[in-house]
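J.: Got a structure for you, target-v9.txt, holding compact mmCIF, C-alpha atoms.
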```
# COMPACT_ATOMS: atom_id res chain seq x y z
CA MET A 258 118.01 120.27 105.47
CA LYS A 259 116.49 121.85 108.57
CA LYS A 260 118.57 125.02 108.18
CA SER A 261 117.59 125.41 104.53
CA LEU A 262 113.89 124.98 105.37
CA ILE A 263 114.11 127.62 108.09
CA ALA A 264 115.96 130.04 105.82
CA LEU A 265 113.42 129.52 103.03
CA ALA A 266 110.46 130.08 105.36
CA VAL A 267 111.93 133.26 106.86
CA THR A 268 112.86 134.65 103.46
CA ALA A 269 109.40 133.95 102.02
CA ALA A 270 107.56 135.41 104.99
CA VAL A 271 109.63 138.60 104.94
CA ALA A 272 109.57 138.98 101.17
CA VAL A 273 105.83 138.62 100.55
CA PRO A 274 104.72 141.88 102.20
CA ALA A 275 107.44 143.77 100.31
CA THR A 276 106.72 142.31 96.89
CA ALA A 277 102.93 141.97 96.91
CA SER A 278 101.17 143.59 93.98
CA ALA A 279 99.46 146.95 94.40
CA GLY A 280 96.01 145.35 94.65
CA ALA A 281 96.99 142.84 97.34
CA SER A 282 96.76 143.19 101.11
CA THR A 283 99.14 141.19 103.29
CA LYS A 284 99.56 140.37 106.95
CA PHE A 285 102.77 139.04 108.45
CA PHE A 286 102.43 137.27 111.82
CA GLY A 287 104.37 135.18 114.30
CA TYR A 288 104.36 134.01 117.90
CA SER A 289 106.24 131.83 120.37
CA GLN A 290 104.89 129.79 123.27
CA ILE A 291 107.43 128.84 125.94
CA THR A 292 106.27 126.36 128.57
CA ALA A 293 107.09 125.27 132.10
CA ALA A 294 105.71 122.29 134.01
CA VAL A 295 105.99 120.61 137.41
CA GLY A 296 104.54 117.19 138.18
CA GLY A 297 103.05 114.65 135.85
CA ALA A 298 104.46 111.20 135.26
CA ALA A 299 107.45 110.19 137.37
CA PRO A 300 110.42 110.09 137.27
CA ALA A 301 110.64 113.17 134.99
CA ASP A 302 108.21 115.19 137.07
CA GLY A 303 110.49 118.00 138.27
CA LEU A 304 110.58 121.55 136.91
CA ARG A 305 111.10 121.45 133.16
CA PHE A 306 110.84 123.84 130.23
CA GLY A 307 109.86 123.51 126.59
CA ALA A 308 107.89 125.08 123.76
CA ASP A 309 104.47 124.39 122.27
CA ARG A 310 104.64 126.54 119.13
CA VAL A 311 107.27 128.75 117.44
CA ARG A 312 105.57 130.03 114.31
CA ILE A 313 105.75 132.63 111.59
CA GLY A 314 103.63 133.11 108.50
CA TYR A 315 101.66 135.44 106.31
CA LYS A 316 98.21 135.89 104.85
CA VAL A 317 97.58 137.54 101.50
CA LYS A 318 94.38 138.69 99.79
CA ASN A 319 94.00 140.03 96.27
CA GLY A 320 90.41 140.56 95.16
CA SER A 321 88.65 137.20 95.48
CA ALA A 322 91.93 135.28 95.75
CA PHE A 323 93.62 134.53 99.07
CA GLY A 324 96.49 132.54 100.48
CA LYS A 325 98.20 131.59 103.73
CA LEU A 326 101.55 130.14 104.68
CA GLN A 327 102.42 129.10 108.25
CA VAL A 328 105.45 127.21 109.52
CA ASP A 329 106.34 125.94 113.00
CA PHE A 330 110.02 125.65 113.92
CA ASN A 331 109.07 123.57 116.96
CA LYS A 332 108.40 120.65 114.60
CA THR A 333 110.84 118.25 113.00
CA SER A 334 112.17 118.95 109.52
CA SER A 335 111.72 115.35 108.41
CA THR A 336 109.15 114.57 105.75
CA GLY A 337 105.84 113.85 107.46
CA LYS A 338 103.04 111.41 106.83
CA ILE A 339 101.36 113.66 104.24
CA GLY A 340 104.47 114.00 102.10
CA VAL A 341 105.71 117.42 103.31
CA SER A 342 107.86 118.51 106.23
CA GLU A 343 106.16 118.65 109.61
CA ILE A 344 107.47 122.23 109.86
CA LEU A 345 104.80 123.24 107.33
CA LYS A 346 101.47 123.78 109.11
CA ASP A 347 99.41 125.59 106.45
CA ALA A 348 99.93 126.22 102.75
CA VAL A 349 96.59 127.39 101.36
CA VAL A 350 95.40 129.11 98.21
CA GLY A 351 91.80 129.79 97.28
CA LEU A 352 89.01 131.90 95.87
CA LYS A 353 86.07 133.45 97.69
CA PHE A 354 83.12 133.94 95.36
CA ASN A 355 80.60 135.09 97.97
CA ASN A 356 79.34 134.08 101.43
CA MET A 357 77.86 130.92 99.92
CA ALA A 358 81.07 129.57 98.41
CA LYS A 359 84.75 129.86 99.27
CA VAL A 360 87.14 127.26 97.81
CA SER A 361 90.38 126.39 99.63
CA ALA A 362 93.13 124.08 98.35
CA GLY A 363 96.40 122.99 99.93
CA VAL A 364 97.41 121.82 103.41
CA PHE A 365 95.14 123.04 106.21
CA LYS A 366 92.92 121.96 109.10
CA THR A 367 90.13 119.53 108.31
CA PRO A 368 86.70 120.76 109.52
CA VAL A 369 86.12 118.32 112.40
CA GLY A 370 86.25 119.63 115.96
CA MET A 371 85.47 123.03 117.43
CA ASP A 372 88.44 123.50 119.75
CA PHE A 373 90.81 122.01 117.17
CA ASN A 374 89.77 124.69 114.68
CA ILE A 375 90.60 127.50 117.12
CA SER A 376 94.04 129.03 116.55
CA GLY A 377 96.74 127.76 118.88
CA LYS A 378 97.35 131.40 119.76
CA LYS A 379 93.84 131.76 121.22
CA LEU A 380 93.36 128.59 123.28
CA ASP A 381 91.54 128.91 126.61
CA ILE A 382 93.93 126.53 128.42
CA THR A 383 97.64 125.86 128.15
CA LYS A 384 97.29 122.70 126.05
CA ARG A 385 95.01 121.33 123.40
CA GLY A 386 92.97 118.78 125.28
CA MET A 387 92.13 115.12 124.92
CA GLU A 388 89.69 115.68 122.04
CA LYS A 389 92.47 116.88 119.72
CA LYS A 390 94.02 113.46 119.08
CA LEU A 391 90.69 112.10 117.78
CA VAL A 392 90.25 114.67 114.99
CA LEU A 393 91.49 114.22 111.42
CA GLU A 394 94.13 116.94 111.93
CA ARG A 395 95.63 118.84 108.99
CA ALA A 396 95.63 117.22 105.56
CA ALA A 397 96.18 118.07 101.91
CA GLY A 398 92.92 118.56 100.06
CA LEU A 399 90.14 120.74 98.70
CA MET A 400 87.33 122.32 100.75
CA VAL A 401 84.26 124.39 99.94
CA SER A 402 82.93 126.66 102.70
CA GLY A 403 80.14 129.12 103.35
CA ARG A 404 79.51 131.59 106.18
CA LYS A 405 76.75 133.95 107.33
CA ILE A 406 74.22 132.27 105.04
CA ALA A 407 70.83 133.75 105.93
CA GLY A 408 72.77 135.60 108.59
CA SER A 409 73.49 132.65 110.88
CA PHE A 410 74.39 129.44 109.03
CA GLY A 411 77.66 128.06 107.69
CA TYR A 412 79.19 124.90 106.31
CA ASP A 413 82.46 123.20 105.27
CA VAL A 414 82.72 120.18 102.97
CA GLY A 415 86.11 118.74 102.02
CA VAL A 416 87.93 115.84 100.38
CA PHE A 417 91.52 115.14 101.38
CA ASN A 418 94.41 112.78 101.06
CA PRO A 419 94.51 110.19 103.89
CA ALA A 420 94.65 111.96 107.27
CA GLY A 421 98.15 110.76 108.06
CA ARG A 422 98.88 113.49 110.64
CA SER A 423 96.03 112.28 112.83
CA GLY A 424 97.12 110.25 115.84
CA VAL A 425 94.38 107.70 115.15
CA VAL A 426 95.28 107.08 111.49
CA ASP A 427 98.22 104.67 111.34
CA GLY A 428 100.37 105.89 108.49
CA PRO A 429 99.83 107.95 105.34
CA GLY A 430 97.65 105.55 103.36
CA VAL A 431 97.87 105.78 99.57
CA PRO A 432 96.74 109.11 98.03
CA GLY A 433 94.48 108.39 95.08
CA GLN A 434 93.58 105.00 96.52
CA ASN A 435 92.55 106.09 100.03
CA ASN A 436 90.92 109.45 100.78
CA ALA A 437 89.59 111.31 103.79
CA TYR A 438 86.29 113.20 103.87
CA ALA A 439 84.91 115.72 106.33
CA ALA A 440 81.90 118.03 106.68
CA ARG A 441 80.71 120.55 109.23
CA ALA A 442 77.53 122.58 109.80
CA LEU A 443 77.57 125.77 111.89
CA PHE A 444 75.08 128.15 113.48
CA ASP A 445 75.85 131.57 115.01
CA MET A 446 73.51 134.09 116.58
CA SER A 447 73.86 136.65 119.40
CA GLY A 448 76.89 135.15 121.13
CA LEU A 449 75.77 131.55 120.59
CA HIS A 450 77.77 129.19 118.38
CA LEU A 451 76.76 125.60 117.59
CA GLU A 452 78.34 123.08 115.26
CA ALA A 453 78.26 119.44 114.24
CA SER A 454 80.88 117.68 112.14
CA ALA A 455 81.85 114.24 110.91
CA GLY A 456 84.56 112.60 108.85
CA TRP A 457 86.45 109.48 108.01
CA SER A 458 89.80 108.42 106.61
CA GLU A 459 89.97 105.26 104.52
CA ASN A 460 92.39 102.44 105.30
CA ALA A 461 93.37 103.84 108.69
CA ALA A 462 95.43 100.70 109.38
CA ASN A 463 97.61 101.48 106.34
CA ASN A 464 97.60 97.90 105.12
CA ALA A 465 99.60 97.40 101.96
CA ASN A 466 96.58 96.04 100.09
CA GLY A 467 94.50 99.12 100.92
CA LYS A 468 91.80 97.07 102.66
CA GLY A 469 92.14 98.32 106.24
CA ALA A 470 89.10 99.63 108.12
CA ALA A 471 88.34 103.35 107.87
CA TYR A 472 88.63 105.58 110.91
CA LYS A 473 85.32 107.34 111.57
CA VAL A 474 84.70 110.37 113.81
CA TRP A 475 81.84 112.70 114.67
CA ASP A 476 81.69 115.76 116.88
CA VAL A 477 79.10 118.15 118.37
CA ALA A 478 80.05 121.36 120.16
CA GLY A 479 78.90 124.79 121.20
CA ARG A 480 79.95 127.94 123.00
CA TYR A 481 78.18 130.96 124.42
CA LYS A 482 79.67 134.30 125.41
CA THR A 483 77.83 137.04 127.23
CA GLY A 484 79.62 139.86 129.01
CA PRO A 485 82.53 138.44 131.04
CA ILE A 486 81.23 134.84 130.88
CA THR A 487 82.26 132.18 128.36
CA ALA A 488 80.78 128.67 128.36
CA LYS A 489 81.74 125.77 126.06
CA PHE A 490 81.04 122.11 125.56
CA GLU A 491 82.25 119.50 123.09
CA TYR A 492 81.76 115.77 122.52
CA ILE A 493 83.80 113.74 120.05
CA ASN A 494 83.49 110.05 119.21
CA GLY A 495 86.14 108.10 117.28
CA GLN A 496 85.54 104.58 115.93
CA ASP A 497 87.90 101.92 114.54
CA MET A 498 91.02 103.85 115.55
CA LYS A 499 94.11 103.01 113.49
CA GLY A 500 91.90 100.73 111.42
CA VAL A 501 91.26 98.32 114.31
CA VAL A 502 87.58 97.38 114.27
CA ASP A 503 85.78 98.11 117.56
CA SER A 504 88.68 100.13 118.97
CA ASP A 505 86.63 103.18 119.98
CA GLU A 506 87.10 106.24 122.16
CA ALA A 507 84.92 109.17 123.21
CA VAL A 508 85.89 112.45 124.88
CA TRP A 509 83.77 115.30 126.19
CA TYR A 510 84.49 118.49 128.08
CA LEU A 511 82.71 121.36 129.80
CA HIS A 512 84.45 124.73 129.97
CA GLY A 513 83.78 127.93 131.86
CA GLY A 514 85.61 131.25 131.79
CA TYR A 515 85.05 134.49 133.70
CA GLU A 516 86.83 137.76 132.91
CA ILE A 517 87.58 139.26 136.31
CA ASN A 518 88.81 142.40 134.57
CA LYS A 519 90.38 143.32 131.23
CA MET A 520 93.61 141.65 132.24
CA ILE A 521 92.65 138.44 134.07
CA GLU A 522 90.32 135.59 133.09
CA ALA A 523 89.65 132.68 135.44
CA VAL A 524 89.07 129.35 133.64
CA ALA A 525 88.01 125.81 134.47
CA ARG A 526 87.63 122.84 132.13
CA PHE A 527 86.63 119.25 132.91
CA TYR A 528 87.56 116.45 130.49
CA SER A 529 86.20 112.92 130.55
CA ALA A 530 87.44 110.20 128.20
CA SER A 531 86.33 106.58 127.80
CA TYR A 532 88.22 103.96 125.83
CA SER A 533 86.77 100.68 124.60
CA PRO A 534 89.45 98.42 123.03
CA ALA A 535 88.77 95.72 120.47
CA SER A 536 89.40 93.20 123.24
CA GLY A 537 89.74 93.65 126.97
CA SER A 538 88.15 95.96 129.51
CA SER A 539 86.99 99.53 128.97
CA THR A 540 88.69 102.28 130.99
CA SER A 541 88.10 105.97 131.65
CA LEU A 542 90.18 109.03 132.54
CA SER A 543 89.35 112.57 133.66
CA ASN A 544 91.38 115.78 133.68
CA LEU A 545 90.22 118.91 135.52
CA TYR A 546 92.01 122.11 134.46
CA ILE A 547 91.83 125.06 136.88
CA GLY A 548 93.70 128.27 136.22
CA ALA A 549 93.90 131.75 134.79
CA ASN A 550 94.81 133.65 131.65
CA VAL A 551 96.67 136.93 132.16
CA PHE A 552 96.61 139.29 129.17
CA PHE A 553 99.29 141.98 128.96
CA ALA A 554 98.52 142.81 125.32
CA LYS A 555 95.66 140.41 124.61
CA TYR A 556 97.03 137.45 122.60
CA ASP A 557 100.28 139.21 121.68
CA ALA A 558 101.53 139.00 125.28
CA ARG A 559 99.85 136.46 127.55
CA VAL A 560 100.61 134.13 130.46
CA GLN A 561 98.51 131.03 131.16
CA VAL A 562 98.69 128.92 134.31
CA ASN A 563 96.74 125.67 134.84
CA TYR A 564 96.72 123.03 137.55
CA VAL A 565 95.48 119.70 136.16
CA ILE A 566 93.89 117.14 138.47
CA ALA A 567 93.82 113.60 137.05
CA GLY A 568 91.12 111.08 137.96
CA GLY A 569 89.61 107.79 136.86
CA ASP A 570 91.67 104.77 135.79
CA THR A 571 94.99 106.61 135.98
CA ASP A 572 96.99 103.38 136.33
CA THR A 573 95.41 101.46 133.45
CA TYR A 574 94.04 103.98 130.93
CA ASN A 575 95.68 103.54 127.53
CA GLY A 576 93.31 105.36 125.17
CA MET A 577 94.79 107.14 122.18
CA SER A 578 93.50 110.53 123.28
CA GLY A 579 96.26 110.72 125.86
CA GLY A 580 95.59 113.00 128.82
CA TYR A 581 97.42 113.42 132.11
CA LYS A 582 97.50 110.43 134.46
CA ASP A 583 98.93 112.37 137.36
CA ASN A 584 98.44 115.90 138.67
CA VAL A 585 100.57 118.55 136.96
CA LEU A 586 101.13 122.30 137.09
CA LEU A 587 101.43 123.91 133.65
CA ALA A 588 102.44 127.41 132.56
CA GLN A 589 102.77 128.99 129.14
CA PHE A 590 104.32 132.33 128.19
CA GLN A 591 103.19 133.68 124.81
CA ALA A 592 104.54 136.60 122.81
CA GLY A 593 103.68 137.46 119.22
CA PHE A 594 102.64 140.03 116.66
```
Here is a file; write its structure as structure tokens.
T.:
Amino acid sequence: MKKSLIALAVTAAVAVPATASAGASTKFFGYSQITAAVGGAAPADGLRFGADRVRIGYKVKNGSAFGKLQVDFNKTSSTGKIGVSEILKDAVVGLKFNNMAKVSAGVFKTPVGMDFNISGKKLDITKRGMEKKLVLERAAGLMVSGRKIAGSFGYDVGVFNPAGRSGVVDGPGVPGQNNAYAARALFDMSGLHLEASAGWSENAANNANGKGAAYKVWDVAGRYKTGPITAKFEYINGQDMKGVVDSDEAVWYLHGGYEINKMIEAVARFYSASYSPASGSSTSLSNLYIGANVFFAKYDARVQVNYVIAGGDTDTYNGMSGGYKDNVLLAQFQAGF
């Protein structure tokens, strides 16, 4: 099954640029991220290697119509919580009428979370951080979007099947009986970006009778870039995780980046997470990332190195956002096209 899925994905990605109609424009892309780490949780804290993403895909545009397919061979071939293989990351078709209205349908990222909606190829640090596990993740659905409205404003509004790929939604739910909803407002002007988003997924406990509590999440974030300096912040709050009432978690981070030259960017990011279970004591955890991004060909050839310093309740923290509970050295080697 896995071999046939890989063969189908490769064949489709290679064939589309060659067979696209005369009026269509296509882009074929791919990248691999190979990782190394030292430290972290014992006993497996020695030097080890792995991969974060091994992806290929294409984008196509024909007049007002567009589409995207992206697969990740670093994922399992088994059928996932949303009814398709986890190898499939994006399968989108849509129409763009104007800046006010673009309609997307298929499997794609839900519009909650700023860092989550940045491409994995363009992340500032080696890993997606603690906020990622609180978003609604990718889901199958329909979304209407707008950008550059009055020059600076944008929005996304979507309805989806249950957000089964989210780590805080326990199971797939029942499409048609349980839905997920998400919305985001954006503002951009002169290097400043601000956004606020919110969503929920019904029956996050996946009870057979469809009566489980909904998972609810909201997020505020912003970034500012001027010259060599990049600054970011984000706060996300998740409530009734996995359908358990009063099981809540919040994560925030502050990020700074400075481009020393065209090749090297120094980065630092501080995460703080707090977990309040339905019963028992609240705990907190912090992760401080310090490191550098080295660009050999911008994002097509890049090395990232981070040292993560863990703090807070490292022995007792059991929030669903994860995070490192011991210091760890991380490296990622990225090559793509």
J.: Determine, counting all atoms listed in the file, which protein, DNA and RNA residues have an atom within 12 Å of an atom of Gly297 (chain A); residues of the same chain fewer than 4 positions away are not included. Present the result as a list in words.
T.: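 Residues meeting the cut-off are Ala293, Ala301, Asp302, Gly303, Leu304, Arg305, Asn544, Tyr564, Val565, Ile566, Ala567, Thr571, Gly580, Tyr581, Lys582, Asp583, Asn584, Val585, Leu586 and Leu587 of chain A.
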J.: For region 467-586 of chain A against region 418-433 of chain A, with a cut-off of 10 Å and counting only C-alpha atoms, what is the closest atom pair and its distance in Å to one decimal for every residue that makes the cut, ordered by chain and number, as a Markdown table?
T.:
```
| residue | atom | partner | partner_atom | distance |
| --- | --- | --- | --- | --- |
| A:Gly467 | CA | A:Gly430 | CA | 7.6 |
| A:Gly469 | CA | A:Gly430 | CA | 9.5 |
| A:Ala471 | CA | A:Val426 | CA | 8.7 |
| A:Tyr472 | CA | A:Val426 | CA | 6.8 |
| A:Lys473 | CA | A:Val425 | CA | 9.7 |
| A:Gly495 | CA | A:Val425 | CA | 8.5 |
| A:Gln496 | CA | A:Val425 | CA | 9.4 |
| A:Asp497 | CA | A:Val425 | CA | 8.7 |
| A:Met498 | CA | A:Val425 | CA | 5.1 |
| A:Lys499 | CA | A:Val426 | CA | 4.7 |
| A:Gly500 | CA | A:Val426 | CA | 7.2 |
| A:Val501 | CA | A:Asp427 | CA | 9.9 |
| A:Met577 | CA | A:Val425 | CA | 7.1 |
| A:Ser578 | CA | A:Gly424 | CA | 8.3 |
```
J.: Identify, on the basis of all atoms listed in the file, every residue whose closest approach to Asn319 (chain A) does not exceed 7 Å; exclude the query and any residue fewer than 5 positions from it along the same chain; express the result as a PyMOL selection string.
T.: chain A and resi 280-282
J.: Tell me, in Å to one decimal, how far CA of Ile291 (chain A) is from CA of Lys346 (chain A).
T.: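 Result for CA of Ile291 (chain A) versus CA of Lys346 (chain A): 18.6 Å, one decimal.
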J.: What residues have an atom no more than 6 Å from (78.0, 126.1, 119.0) in the file's own frame, counting all atoms listed in the file, and can you write them as a PyMOL selection string?
T.: chain A and resi 450-452+478-480
